[in-house]
file entry_32.tsv (TSV, C-alpha atoms)
chain	number	residue	atom	x	y	z
A	1	MET	CA	0.00	0.00	0.00
A	2	ASN	CA	2.72	2.46	0.96
A	3	SER	CA	4.64	1.97	-2.29
A	4	ALA	CA	1.49	2.64	-4.28
A	5	LEU	CA	0.85	5.99	-2.64
A	6	SER	CA	2.46	9.17	-3.84
A	7	THR	CA	5.13	10.72	-1.62
A	8	GLU	CA	4.30	14.24	-2.77
A	9	ARG	CA	4.39	16.65	0.18
A	10	THR	CA	1.84	19.41	0.50
A	11	VAL	CA	0.88	21.76	3.31
A	12	THR	CA	-2.36	20.43	4.76
A	13	THR	CA	-4.26	22.33	7.45
A	14	LEU	CA	-5.85	20.43	10.33
A	15	SER	CA	-8.72	20.89	12.76
A	16	VAL	CA	-9.10	18.52	15.71
A	17	VAL	CA	-12.67	18.09	16.94
A	18	ILE	CA	-13.36	16.79	20.44
A	19	CYS	CA	-16.97	16.16	21.47
A	20	ALA	CA	-17.96	16.20	25.15
A	21	TYR	CA	-21.28	15.79	26.95
A	22	THR	CA	-20.63	15.56	30.71
A	23	LEU	CA	-18.71	17.28	33.51
A	24	ASP	CA	-17.94	13.84	34.93
A	25	ARG	CA	-15.10	13.55	32.39
A	26	TRP	CA	-13.65	17.00	33.04
A	27	ASP	CA	-10.18	15.75	33.94
A	28	ASP	CA	-10.18	13.39	30.94
A	29	LEU	CA	-11.28	16.25	28.69
A	30	ARG	CA	-8.49	18.52	29.89
A	31	ALA	CA	-5.99	15.72	29.27
A	32	ALA	CA	-7.35	15.14	25.76
A	33	ILE	CA	-7.10	18.83	24.88
A	34	GLY	CA	-3.64	19.10	26.42
A	35	SER	CA	-2.40	16.16	24.36
A	36	VAL	CA	-3.54	17.92	21.17
A	37	LEU	CA	-2.19	21.36	22.08
A	38	GLY	CA	1.21	19.79	22.70
A	39	GLN	CA	1.46	18.21	19.24
A	40	ASP	CA	4.23	18.96	16.76
A	41	PRO	CA	3.21	19.97	14.17
A	42	PRO	CA	0.40	21.80	15.95
A	43	ALA	CA	-3.19	21.61	14.76
A	44	ASP	CA	-4.41	24.79	13.10
A	45	GLU	CA	-7.45	24.78	15.35
A	46	VAL	CA	-8.88	22.68	18.18
A	47	VAL	CA	-12.66	22.64	18.43
A	48	LEU	CA	-14.52	21.44	21.51
A	49	VAL	CA	-18.19	20.69	20.81
A	50	VAL	CA	-20.35	20.54	23.95
A	51	ASP	CA	-23.42	18.35	23.56
A	52	HIS	CA	-26.40	20.20	25.05
A	53	ASN	CA	-24.87	20.72	28.52
A	54	GLN	CA	-24.95	24.36	29.58
A	55	ALA	CA	-22.89	23.87	32.74
A	56	LEU	CA	-20.12	22.12	30.80
A	57	LEU	CA	-20.26	24.74	28.05
A	58	GLU	CA	-19.87	27.62	30.52
A	59	ARG	CA	-17.03	25.97	32.43
A	60	ALA	CA	-15.19	25.13	29.23
A	61	GLU	CA	-15.54	28.70	27.95
A	62	ARG	CA	-14.32	30.01	31.30
A	63	GLU	CA	-11.41	27.68	32.03
A	64	LEU	CA	-10.04	26.26	28.78
A	65	SER	CA	-7.57	28.14	26.61
A	66	GLY	CA	-6.21	27.41	23.17
A	67	VAL	CA	-9.46	25.76	22.10
A	68	ARG	CA	-12.61	27.00	20.35
A	69	VAL	CA	-15.67	26.03	22.41
A	70	VAL	CA	-19.02	25.71	20.61
A	71	PRO	CA	-22.37	24.15	21.51
A	72	ASN	CA	-23.73	21.23	19.50
A	73	GLN	CA	-25.98	22.94	16.97
A	74	ARG	CA	-27.60	19.71	15.81
A	75	ARG	CA	-29.38	16.68	17.18
A	76	ARG	CA	-28.20	15.54	20.62
A	77	GLY	CA	-25.52	12.85	20.39
A	78	LEU	CA	-22.03	12.16	19.13
A	79	SER	CA	-22.91	12.34	15.43
A	80	GLY	CA	-24.57	15.73	15.84
A	81	GLY	CA	-21.53	16.96	17.72
A	82	ARG	CA	-19.17	15.73	15.05
A	83	ASN	CA	-21.25	17.37	12.34
A	84	THR	CA	-21.18	20.64	14.27
A	85	GLY	CA	-17.40	20.40	14.50
A	86	VAL	CA	-17.12	19.90	10.75
A	87	ALA	CA	-19.46	22.83	10.08
A	88	VAL	CA	-17.43	25.32	12.15
A	89	SER	CA	-14.00	24.13	10.97
A	90	HIS	CA	-12.08	25.90	8.21
A	91	THR	CA	-9.26	23.46	7.39
A	92	ASP	CA	-8.40	20.85	4.77
A	93	VAL	CA	-8.61	17.92	7.18
A	94	VAL	CA	-10.80	17.34	10.22
A	95	ALA	CA	-9.63	14.84	12.85
A	96	PHE	CA	-11.75	13.43	15.67
A	97	LEU	CA	-10.49	12.52	19.13
A	98	ASP	CA	-12.67	11.20	21.96
A	99	ASP	CA	-12.92	13.25	25.13
A	100	ASP	CA	-11.55	10.35	27.21
A	101	ALA	CA	-8.51	9.73	24.99
A	102	THR	CA	-5.06	11.27	24.69
A	103	ALA	CA	-2.99	11.58	21.54
A	104	GLU	CA	0.58	10.30	21.60
A	105	PRO	CA	3.42	12.62	20.47
A	106	GLY	CA	3.59	12.90	16.69
A	107	TRP	CA	-0.08	12.02	16.23
A	108	THR	CA	-0.95	15.01	14.05
A	109	GLY	CA	2.05	14.58	11.76
A	110	ARG	CA	1.37	10.88	11.22
A	111	LEU	CA	-2.28	11.56	10.45
A	112	LEU	CA	-1.46	14.30	7.98
A	113	ALA	CA	1.46	12.71	6.12
A	114	PRO	CA	-0.62	10.38	3.88
A	115	TYR	CA	-2.77	13.27	2.62
A	116	GLY	CA	0.06	14.19	0.26
A	117	ASP	CA	-1.55	11.61	-2.02
A	118	PRO	CA	-4.81	13.02	-3.46
A	119	ARG	CA	-6.43	9.57	-3.43
A	120	VAL	CA	-6.29	9.47	0.36
A	121	VAL	CA	-9.54	10.90	1.73
A	122	GLY	CA	-9.28	9.60	5.28
A	123	VAL	CA	-6.64	8.45	7.76
A	124	GLY	CA	-7.27	6.62	11.01
A	125	GLY	CA	-4.91	5.39	13.69
A	126	LEU	CA	-4.32	2.92	16.49
A	127	VAL	CA	-6.51	3.17	19.59
A	128	ARG	CA	-4.67	1.57	22.49
A	129	ALA	CA	-6.77	0.48	25.46
A	130	TRP	CA	-5.86	2.20	28.72
A	131	TRP	CA	-7.53	0.16	31.46
A	132	THR	CA	-8.06	2.12	34.68
A	133	THR	CA	-8.27	-1.20	36.52
A	134	ALA	CA	-6.61	-4.49	35.64
A	135	ARG	CA	-7.78	-5.88	32.33
A	136	PRO	CA	-10.29	-8.69	33.05
A	137	VAL	CA	-8.59	-12.03	32.54
A	138	TRP	CA	-11.53	-13.23	30.43
A	139	PHE	CA	-11.69	-10.19	28.10
A	140	PRO	CA	-10.44	-11.30	24.64
A	141	PRO	CA	-8.28	-8.76	22.76
A	142	GLU	CA	-10.24	-9.72	19.64
A	143	PHE	CA	-13.17	-7.85	21.23
A	144	ASP	CA	-11.39	-4.65	22.24
A	145	TRP	CA	-13.72	-2.86	19.80
A	146	VAL	CA	-16.33	-3.32	22.54
A	147	VAL	CA	-14.51	-0.63	24.53
A	148	GLY	CA	-13.82	1.52	21.47
A	149	CYS	CA	-10.24	0.39	20.94
A	150	SER	CA	-8.14	-1.36	18.30
A	151	TYR	CA	-8.46	-5.12	18.43
A	152	ARG	CA	-6.47	-8.22	17.49
A	153	GLY	CA	-7.04	-8.95	13.82
A	154	GLN	CA	-6.54	-5.40	12.54
A	155	PRO	CA	-3.55	-4.65	10.28
A	156	ARG	CA	-0.25	-4.13	12.07
A	157	GLN	CA	1.12	-1.86	9.36
A	158	ALA	CA	-0.33	0.93	7.25
A	159	ALA	CA	-3.10	-0.50	5.07
A	160	ARG	CA	-6.24	0.42	3.20
A	161	VAL	CA	-9.32	-0.37	5.31
A	162	ARG	CA	-13.10	-0.19	5.08
A	163	ASN	CA	-13.62	2.02	8.13
A	164	PHE	CA	-11.92	3.50	11.18
A	165	ILE	CA	-12.50	3.40	14.91
A	166	GLY	CA	-14.27	6.63	15.81
A	167	ALA	CA	-11.97	7.64	18.66
A	168	ASN	CA	-9.08	8.26	16.24
A	169	MET	CA	-9.92	9.19	12.66
A	170	SER	CA	-9.62	12.03	10.18
A	171	PHE	CA	-11.08	12.98	6.79
A	172	ARG	CA	-10.77	15.63	4.13
A	173	ARG	CA	-13.39	18.20	5.06
A	174	THR	CA	-14.65	18.44	1.47
A	175	GLU	CA	-15.36	14.70	1.53
A	176	LEU	CA	-17.33	14.93	4.77
A	177	ILE	CA	-19.43	17.71	3.32
A	178	ALA	CA	-19.96	15.91	0.01
A	179	VAL	CA	-21.49	12.82	1.68
A	180	GLY	CA	-23.61	14.80	4.16
A	181	GLY	CA	-21.68	14.08	7.34
A	182	PHE	CA	-22.43	11.54	10.05
A	183	LEU	CA	-25.87	9.95	10.38
A	184	ASP	CA	-27.54	11.10	13.60
A	185	ALA	CA	-29.48	7.89	14.15
A	186	LEU	CA	-26.32	5.79	14.49
A	187	GLY	CA	-24.38	7.99	16.90
A	188	ARG	CA	-23.98	7.41	20.63
A	189	VAL	CA	-26.14	9.66	22.84
A	190	GLY	CA	-24.44	10.47	26.15
A	191	SER	CA	-23.19	7.34	27.91
A	192	ARG	CA	-25.90	5.13	26.43
A	193	PRO	CA	-24.64	2.86	23.61
A	194	VAL	CA	-28.10	2.72	22.01
A	195	ALA	CA	-26.58	2.80	18.54
A	196	SER	CA	-23.15	2.84	16.98
A	197	CYS	CA	-21.39	2.38	13.64
A	198	ASP	CA	-21.88	5.98	12.49
A	199	GLU	CA	-18.25	5.99	11.34
A	200	THR	CA	-18.77	2.72	9.44
A	201	ASP	CA	-21.83	4.15	7.70
A	202	LEU	CA	-19.89	7.31	6.83
A	203	CYS	CA	-16.92	5.39	5.40
A	204	LEU	CA	-19.20	3.17	3.31
A	205	ARG	CA	-20.88	6.23	1.83
A	206	ILE	CA	-17.48	7.74	1.02
A	207	ALA	CA	-16.45	4.52	-0.75
A	208	ALA	CA	-19.75	4.32	-2.63
A	209	ARG	CA	-19.31	7.88	-3.86
A	210	ASN	CA	-15.75	7.25	-5.04
A	211	PRO	CA	-14.57	3.60	-5.18
A	212	ASP	CA	-11.00	4.76	-5.84
A	213	ALA	CA	-10.87	6.78	-2.63
A	214	VAL	CA	-8.37	5.47	-0.08
A	215	LEU	CA	-9.19	5.17	3.62
A	216	LEU	CA	-5.80	4.50	5.18
A	217	TYR	CA	-5.18	2.93	8.58
A	218	GLU	CA	-1.88	4.20	10.00
A	219	PRO	CA	-1.13	2.48	13.34
A	220	ALA	CA	1.78	4.86	14.00
A	221	ALA	CA	-0.84	7.60	14.59
A	222	GLU	CA	-1.57	6.36	18.09
A	223	ILE	CA	-3.86	7.43	20.90
A	224	ARG	CA	-4.65	5.98	24.34
A	225	HIS	CA	-8.34	5.46	25.12
A	226	ARG	CA	-9.40	5.32	28.76
A	227	VAL	CA	-11.42	2.22	29.70
A	228	PRO	CA	-13.19	2.76	33.04
A	229	GLU	CA	-14.09	-0.02	35.44
A	230	ALA	CA	-17.75	0.12	34.38
A	231	ARG	CA	-16.79	-1.13	30.91
A	232	ALA	CA	-14.91	-4.12	32.27
A	233	SER	CA	-18.08	-5.99	33.24
A	234	TRP	CA	-19.72	-8.90	31.47
A	235	ALA	CA	-23.03	-6.99	31.37
A	236	TYR	CA	-21.45	-4.10	29.45
A	237	PHE	CA	-19.62	-6.50	27.14
A	238	ARG	CA	-22.79	-8.41	26.26
A	239	ASN	CA	-24.91	-5.27	25.77
A	240	ARG	CA	-22.29	-3.56	23.64
A	241	CYS	CA	-22.02	-6.63	21.39
A	242	TYR	CA	-25.81	-6.67	21.00
A	243	ILE	CA	-25.86	-2.96	20.07
A	244	GLU	CA	-23.08	-3.54	17.54
A	245	GLY	CA	-25.12	-6.24	15.85
A	246	LEU	CA	-28.23	-4.08	15.86
A	247	SER	CA	-26.35	-1.16	14.36
A	248	LYS	CA	-24.63	-3.30	11.71
A	249	ALA	CA	-28.05	-4.52	10.59
A	250	LEU	CA	-29.20	-0.93	10.12
A	251	VAL	CA	-26.04	-0.10	8.18
A	252	ALA	CA	-26.50	-3.22	6.03
A	253	ARG	CA	-30.08	-2.21	5.18
A	254	ARG	CA	-28.91	1.28	4.19
A	255	CYS	CA	-25.71	0.40	2.33
A	256	GLY	CA	-26.18	-3.25	1.36
A	257	SER	CA	-25.06	-6.35	3.24
A	258	GLY	CA	-22.09	-6.95	0.93
A	259	PRO	CA	-19.98	-3.92	1.88
A	260	ALA	CA	-21.49	-3.62	5.37
A	261	LEU	CA	-20.59	-7.19	6.41
A	262	ALA	CA	-17.50	-8.05	4.33
A	263	ASN	CA	-15.07	-7.36	7.18
A	264	GLU	CA	-17.27	-9.13	9.70
A	265	ARG	CA	-17.30	-12.35	7.67
A	266	VAL	CA	-13.50	-12.38	7.56
A	267	TYR	CA	-13.36	-11.50	11.26
A	268	LEU	CA	-15.53	-14.49	12.19
A	269	ARG	CA	-13.83	-16.97	9.87
A	270	SER	CA	-10.29	-15.93	10.68
A	271	THR	CA	-9.82	-13.85	13.83
A	272	ILE	CA	-12.46	-15.46	16.06
A	273	SER	CA	-11.82	-18.99	14.80
A	274	ARG	CA	-8.11	-18.67	15.55
A	275	ALA	CA	-8.83	-17.21	18.98
A	276	LEU	CA	-11.14	-20.08	19.90
A	277	ALA	CA	-8.65	-22.67	18.69
A	278	ARG	CA	-5.83	-21.00	20.60
A	279	HIS	CA	-7.71	-20.99	23.90
A	280	VAL	CA	-9.02	-24.52	23.46
A	281	THR	CA	-5.45	-25.79	23.11
A	282	ARG	CA	-4.50	-23.83	26.24
A	283	ILE	CA	-7.57	-24.73	28.28
A	284	TRP	CA	-5.43	-25.25	31.40
A	285	ARG	CA	-4.40	-21.59	31.54
A	286	PRO	CA	-6.13	-19.23	34.02
A	287	GLY	CA	-9.21	-17.61	32.47
A	288	ALA	CA	-9.16	-19.76	29.31
A	289	LEU	CA	-12.66	-21.18	29.86
A	290	ARG	CA	-14.08	-17.73	30.62
A	291	THR	CA	-12.38	-16.29	27.54
A	292	ILE	CA	-13.91	-19.03	25.39
A	293	GLY	CA	-17.27	-18.13	26.93
A	294	ALA	CA	-16.71	-14.45	26.15
A	295	LEU	CA	-15.74	-15.19	22.55
A	296	SER	CA	-18.81	-17.38	22.04
A	297	GLY	CA	-21.13	-15.13	24.01
A	298	GLY	CA	-19.91	-12.01	22.23
A	299	VAL	CA	-20.56	-13.54	18.83
A	300	GLY	CA	-23.96	-14.78	19.99
A	301	ALA	CA	-25.02	-11.38	21.35
A	302	THR	CA	-23.86	-9.63	18.17
A	303	VAL	CA	-25.75	-12.07	15.96
A	304	ALA	CA	-28.87	-11.64	18.11
A	305	GLY	CA	-28.66	-7.87	17.71
A	306	TYR	CA	-28.20	-8.23	13.98
A	307	LEU	CA	-31.27	-10.45	13.67
A	308	VAL	CA	-33.40	-7.99	15.65
A	309	GLY	CA	-32.08	-5.07	13.59
A	310	SER	CA	-32.83	-6.93	10.37
A	311	ILE	CA	-36.55	-7.03	11.12
A	312	ARG	CA	-36.91	-3.70	12.92
A	313	PRO	CA	-38.99	-1.12	11.04
A	314	LEU	CA	-37.05	1.70	9.40
A	315	GLY	CA	-39.47	4.40	10.45
A	316	SER	CA	-37.11	6.13	12.89
A	317	ARG	CA	-35.62	9.45	11.91
A	318	GLY	CA	-32.54	9.07	9.76
A	319	LEU	CA	-32.75	5.35	9.07
A	320	SER	CA	-33.89	5.34	5.47
A	321	ARG	CA	-31.58	4.18	2.71
A	322	ARG	CA	-30.78	7.79	1.85
A	323	PRO	CA	-29.52	9.57	4.98
A	324	GLN	CA	-32.43	11.78	6.04
A	325	GLY	CA	-31.67	14.41	8.65
A	326	ALA	CA	-27.97	14.43	7.72
A	327	PRO	CA	-26.76	17.94	6.91
A	328	GLU	CA	-26.81	18.86	3.24
A	329	PRO	CA	-23.46	19.99	1.85
A	330	THR	CA	-24.55	23.62	1.68
A	331	THR	CA	-25.74	23.50	5.29
A	332	MET	CA	-22.63	21.77	6.66
A	333	ALA	CA	-20.36	24.25	4.95
A	334	ARG	CA	-21.95	27.08	6.91
A	335	SER	CA	-19.78	28.35	9.79
call {"tool": "encode", "arguments": {"input": "entry_32.tsv", "output": "structure tokens"}}
result
Amino acid sequence: MNSALSTERTVTTLSVVICAYTLDRWDDLRAAIGSVLGQDPPADEVVLVVDHNQALLERAERELSGVRVVPNQRRRGLSGGRNTGVAVSHTDVVAFLDDDATAEPGWTGRLLAPYGDPRVVGVGGLVRAWWTTARPVWFPPEFDWVVGCSYRGQPRQAARVRNFIGANMSFRRTELIAVGGFLDALGRVGSRPVASCDETDLCLRIAARNPDAVLLYEPAAEIRHRVPEARASWAYFRNRCYIEGLSKALVARRCGSGPALANERVYLRSTISRALARHVTRIWRPGALRTIGALSGGVGATVAGYLVGSIRPLGSRGLSRRPQGAPEPTTMARS
């Protein structure tokens, strides 16, 4: 992949958008912003979008420096916040960082470098899990996507991919505007994982619009994503897998099951099969039985969610085949 991409260097401007919704993550938010402000090269602008929380908005405006603070001007939730960030940005590339994540040194430069090739329309990076408590012995690394992090089975070197993990991704702003931005109905609202896969839906629409467009995964562009104790439970694991299946069904009905499920078929046949075989042959090791249960249970919960999503009516706002409620290009371009 690297040899096929042009090495032409151009000056590319960058906005980093961080979306926040609660004061409970204030310390995490300050750390996230600090990690971006300390980057070399520096971002041209850092935008904090506050999701319908007046107290957080006022405190951020009062106490944070070096960052542009704006309220979410769209539907409540992560997708609306991201779309607001795109609308108020004025740069070539818009990157997204979660409010409970910190960017490693050199993050901005490694995200921007591939954009010297005009075919590259998006670059995403590695999301390393930062467990605040000990990682549960049963929690399989193949399922780290459950906690919003990179997982075993992803490429280890720069490679073209279908979609990114939302905590660490970037796109050309013109491309985001052209496809209408993120779909509100698939974005997380507050701490409730009632829907997900808005980044998958976005990337599929980008690919459908231009099949030659390159979405590049660059693991050297690394961030650390905080995983609190509440996400280390079996109940969270099972529910998050179910929501993933539900959301993938909605994406498949909008974009077609072929592109929406191609990666998942490979993931099941290869990554999960190898993980099960590995733990079966090491059944005597501590936690092996529980890990096998998590692998099987996670797949089962995801499939159950997919089946429910496959028969659920599409009457909800924003769930039709054409993204309704997503900002039109002329609207998103407004600042």
call {"tool": "closest_atom_pairs", "arguments": {"input": "entry_32.tsv", "of": "region 185-245 of chain A", "to": "region 261-276 of chain A", "cutoff": "12 Å", "atoms": "all atoms listed in the file", "output": "tab-separated table"}}
result
residue	atom	partner	partner_atom	distance
A:Thr200	CA	A:Leu261	CA	10.5
A:Asp201	CA	A:Leu261	CA	11.5
A:Leu204	CA	A:Leu261	CA	10.9
A:Glu244	CA	A:Glu264	CA	11.2
A:Gly245	CA	A:Glu264	CA	10.4
call {"tool": "residues_around", "arguments": {"input": "entry_32.tsv", "residues": "Ala134 (chain A)", "least_positions_apart": "3", "cutoff": "10 Å", "atoms": "all atoms listed in the file", "output": "PyMOL selection string"}}
result
chain A and resi 130-131+137+229+232
call {"tool": "axis_aligned_box", "arguments": {"input": "entry_32.tsv", "around": "region 155-162 of chain A", "padding_each_side": "5 Å", "output": "AutoDock Vina command-line options"}}
result
--center_x -6.0 --center_y -1.9 --center_z 7.6 --size_x 24.2 --size_y 15.6 --size_z 18.9
call {"tool": "residues_near_point", "arguments": {"input": "entry_32.tsv", "point": "(-22.6, 17.3, 25.9)", "cutoff": "7 Å", "atoms": "all atoms listed in the file", "output": "PyMOL selection string"}}
result
chain A and resi 20-22+50-53
call {"tool": "closest_atom_pairs", "arguments": {"input": "entry_32.tsv", "of": "region 137-191 of chain A", "to": "region 113-116 of chain A", "cutoff": "12 Å", "atoms": "all atoms listed in the file", "output": "JSON lines"}}
result
{"residue": "A:Ala158", "atom": "CA", "partner": "A:Pro114", "partner_atom": "CA", "distance": 10.0}
{"residue": "A:Ala159", "atom": "CA", "partner": "A:Pro114", "partner_atom": "CA", "distance": 11.2}
{"residue": "A:Arg160", "atom": "CA", "partner": "A:Pro114", "partner_atom": "CA", "distance": 11.5}
{"residue": "A:Ser170", "atom": "CA", "partner": "A:Tyr115", "partner_atom": "CA", "distance": 10.3}
{"residue": "A:Phe171", "atom": "CA", "partner": "A:Tyr115", "partner_atom": "CA", "distance": 9.3}
{"residue": "A:Arg172", "atom": "CA", "partner": "A:Tyr115", "partner_atom": "CA", "distance": 8.5}
{"residue": "A:Arg173", "atom": "CA", "partner": "A:Tyr115", "partner_atom": "CA", "distance": 12.0}
call {"tool": "decode", "arguments": {"input": "entry_32.tsv", "residues": "region 109-118 of chain A", "atoms": "all heavy atoms", "output": "PDB file, in the first residue's frame"}}
result
ATOM      1  N   GLY A 109       1.200  14.747  12.933  1.00  0.00           N
ATOM      2  CA  GLY A 109       2.052  14.580  11.764  1.00  0.00           C
ATOM      3  C   GLY A 109       1.817  13.260  11.059  1.00  0.00           C
ATOM      4  O   GLY A 109       1.822  13.199   9.822  1.00  0.00           O
ATOM      5  N   ARG A 110       1.586  12.200  11.830  1.00  0.00           N
ATOM      6  CA  ARG A 110       1.371  10.882  11.223  1.00  0.00           C
ATOM      7  C   ARG A 110      -0.008  10.786  10.578  1.00  0.00           C
ATOM      8  O   ARG A 110      -0.184  10.047   9.612  1.00  0.00           O
ATOM      9  CB  ARG A 110       1.576   9.801  12.276  1.00  0.00           C
ATOM     10  CG  ARG A 110       3.023   9.722  12.739  1.00  0.00           C
ATOM     11  CD  ARG A 110       3.278   8.609  13.723  1.00  0.00           C
ATOM     12  NE  ARG A 110       4.696   8.548  14.044  1.00  0.00           N
ATOM     13  CZ  ARG A 110       5.221   8.894  15.220  1.00  0.00           C
ATOM     14  NH1 ARG A 110       4.419   9.332  16.194  1.00  0.00           N
ATOM     15  NH2 ARG A 110       6.508   8.807  15.440  1.00  0.00           N
ATOM     16  N   LEU A 111      -0.978  11.513  11.111  1.00  0.00           N
ATOM     17  CA  LEU A 111      -2.285  11.557  10.449  1.00  0.00           C
ATOM     18  C   LEU A 111      -2.217  12.333   9.142  1.00  0.00           C
ATOM     19  O   LEU A 111      -2.832  11.950   8.146  1.00  0.00           O
ATOM     20  CB  LEU A 111      -3.333  12.205  11.363  1.00  0.00           C
ATOM     21  CG  LEU A 111      -3.981  11.379  12.471  1.00  0.00           C
ATOM     22  CD1 LEU A 111      -5.023  12.228  13.196  1.00  0.00           C
ATOM     23  CD2 LEU A 111      -4.624  10.100  11.936  1.00  0.00           C
ATOM     24  N   LEU A 112      -1.471  13.413   9.143  1.00  0.00           N
ATOM     25  CA  LEU A 112      -1.455  14.302   7.979  1.00  0.00           C
ATOM     26  C   LEU A 112      -0.577  13.803   6.837  1.00  0.00           C
ATOM     27  O   LEU A 112      -0.869  14.078   5.670  1.00  0.00           O
ATOM     28  CB  LEU A 112      -0.979  15.698   8.399  1.00  0.00           C
ATOM     29  CG  LEU A 112      -1.970  16.552   9.181  1.00  0.00           C
ATOM     30  CD1 LEU A 112      -1.320  17.862   9.592  1.00  0.00           C
ATOM     31  CD2 LEU A 112      -3.225  16.826   8.359  1.00  0.00           C
ATOM     32  N   ALA A 113       0.484  13.079   7.156  1.00  0.00           N
ATOM     33  CA  ALA A 113       1.459  12.705   6.121  1.00  0.00           C
ATOM     34  C   ALA A 113       0.841  12.022   4.901  1.00  0.00           C
ATOM     35  O   ALA A 113       1.178  12.371   3.755  1.00  0.00           O
ATOM     36  CB  ALA A 113       2.553  11.823   6.732  1.00  0.00           C
ATOM     37  N   PRO A 114      -0.080  11.056   5.057  1.00  0.00           N
ATOM     38  CA  PRO A 114      -0.621  10.379   3.875  1.00  0.00           C
ATOM     39  C   PRO A 114      -1.464  11.251   2.965  1.00  0.00           C
ATOM     40  O   PRO A 114      -1.711  10.889   1.813  1.00  0.00           O
ATOM     41  CB  PRO A 114      -1.476   9.250   4.480  1.00  0.00           C
ATOM     42  CG  PRO A 114      -0.921   9.030   5.849  1.00  0.00           C
ATOM     43  CD  PRO A 114      -0.512  10.390   6.302  1.00  0.00           C
ATOM     44  N   TYR A 115      -1.924  12.422   3.458  1.00  0.00           N
ATOM     45  CA  TYR A 115      -2.774  13.268   2.619  1.00  0.00           C
ATOM     46  C   TYR A 115      -2.013  13.926   1.478  1.00  0.00           C
ATOM     47  O   TYR A 115      -2.612  14.599   0.631  1.00  0.00           O
ATOM     48  CB  TYR A 115      -3.462  14.332   3.478  1.00  0.00           C
ATOM     49  CG  TYR A 115      -4.588  13.782   4.329  1.00  0.00           C
ATOM     50  CD1 TYR A 115      -4.422  13.622   5.701  1.00  0.00           C
ATOM     51  CD2 TYR A 115      -5.792  13.412   3.760  1.00  0.00           C
ATOM     52  CE1 TYR A 115      -5.442  13.122   6.489  1.00  0.00           C
ATOM     53  CE2 TYR A 115      -6.820  12.899   4.542  1.00  0.00           C
ATOM     54  CZ  TYR A 115      -6.647  12.760   5.902  1.00  0.00           C
ATOM     55  OH  TYR A 115      -7.661  12.251   6.685  1.00  0.00           O
ATOM     56  N   GLY A 116      -0.684  13.724   1.426  1.00  0.00           N
ATOM     57  CA  GLY A 116       0.055  14.191   0.261  1.00  0.00           C
ATOM     58  C   GLY A 116      -0.374  13.488  -1.006  1.00  0.00           C
ATOM     59  O   GLY A 116      -0.170  14.003  -2.106  1.00  0.00           O
ATOM     60  N   ASP A 117      -0.990  12.320  -0.870  1.00  0.00           N
ATOM     61  CA  ASP A 117      -1.553  11.606  -2.022  1.00  0.00           C
ATOM     62  C   ASP A 117      -3.019  12.001  -2.162  1.00  0.00           C
ATOM     63  O   ASP A 117      -3.802  11.830  -1.225  1.00  0.00           O
ATOM     64  CB  ASP A 117      -1.438  10.097  -1.822  1.00  0.00           C
ATOM     65  CG  ASP A 117      -1.800   9.328  -3.081  1.00  0.00           C
ATOM     66  OD1 ASP A 117      -2.962   9.416  -3.518  1.00  0.00           O
ATOM     67  OD2 ASP A 117      -0.917   8.637  -3.622  1.00  0.00           O
ATOM     68  N   PRO A 118      -3.430  12.542  -3.308  1.00  0.00           N
ATOM     69  CA  PRO A 118      -4.806  13.021  -3.464  1.00  0.00           C
ATOM     70  C   PRO A 118      -5.852  11.926  -3.369  1.00  0.00           C
ATOM     71  O   PRO A 118      -7.029  12.213  -3.155  1.00  0.00           O
ATOM     72  CB  PRO A 118      -4.798  13.672  -4.855  1.00  0.00           C
ATOM     73  CG  PRO A 118      -3.640  13.059  -5.567  1.00  0.00           C
ATOM     74  CD  PRO A 118      -2.618  12.791  -4.521  1.00  0.00           C
TER      75      PRO A 118
END
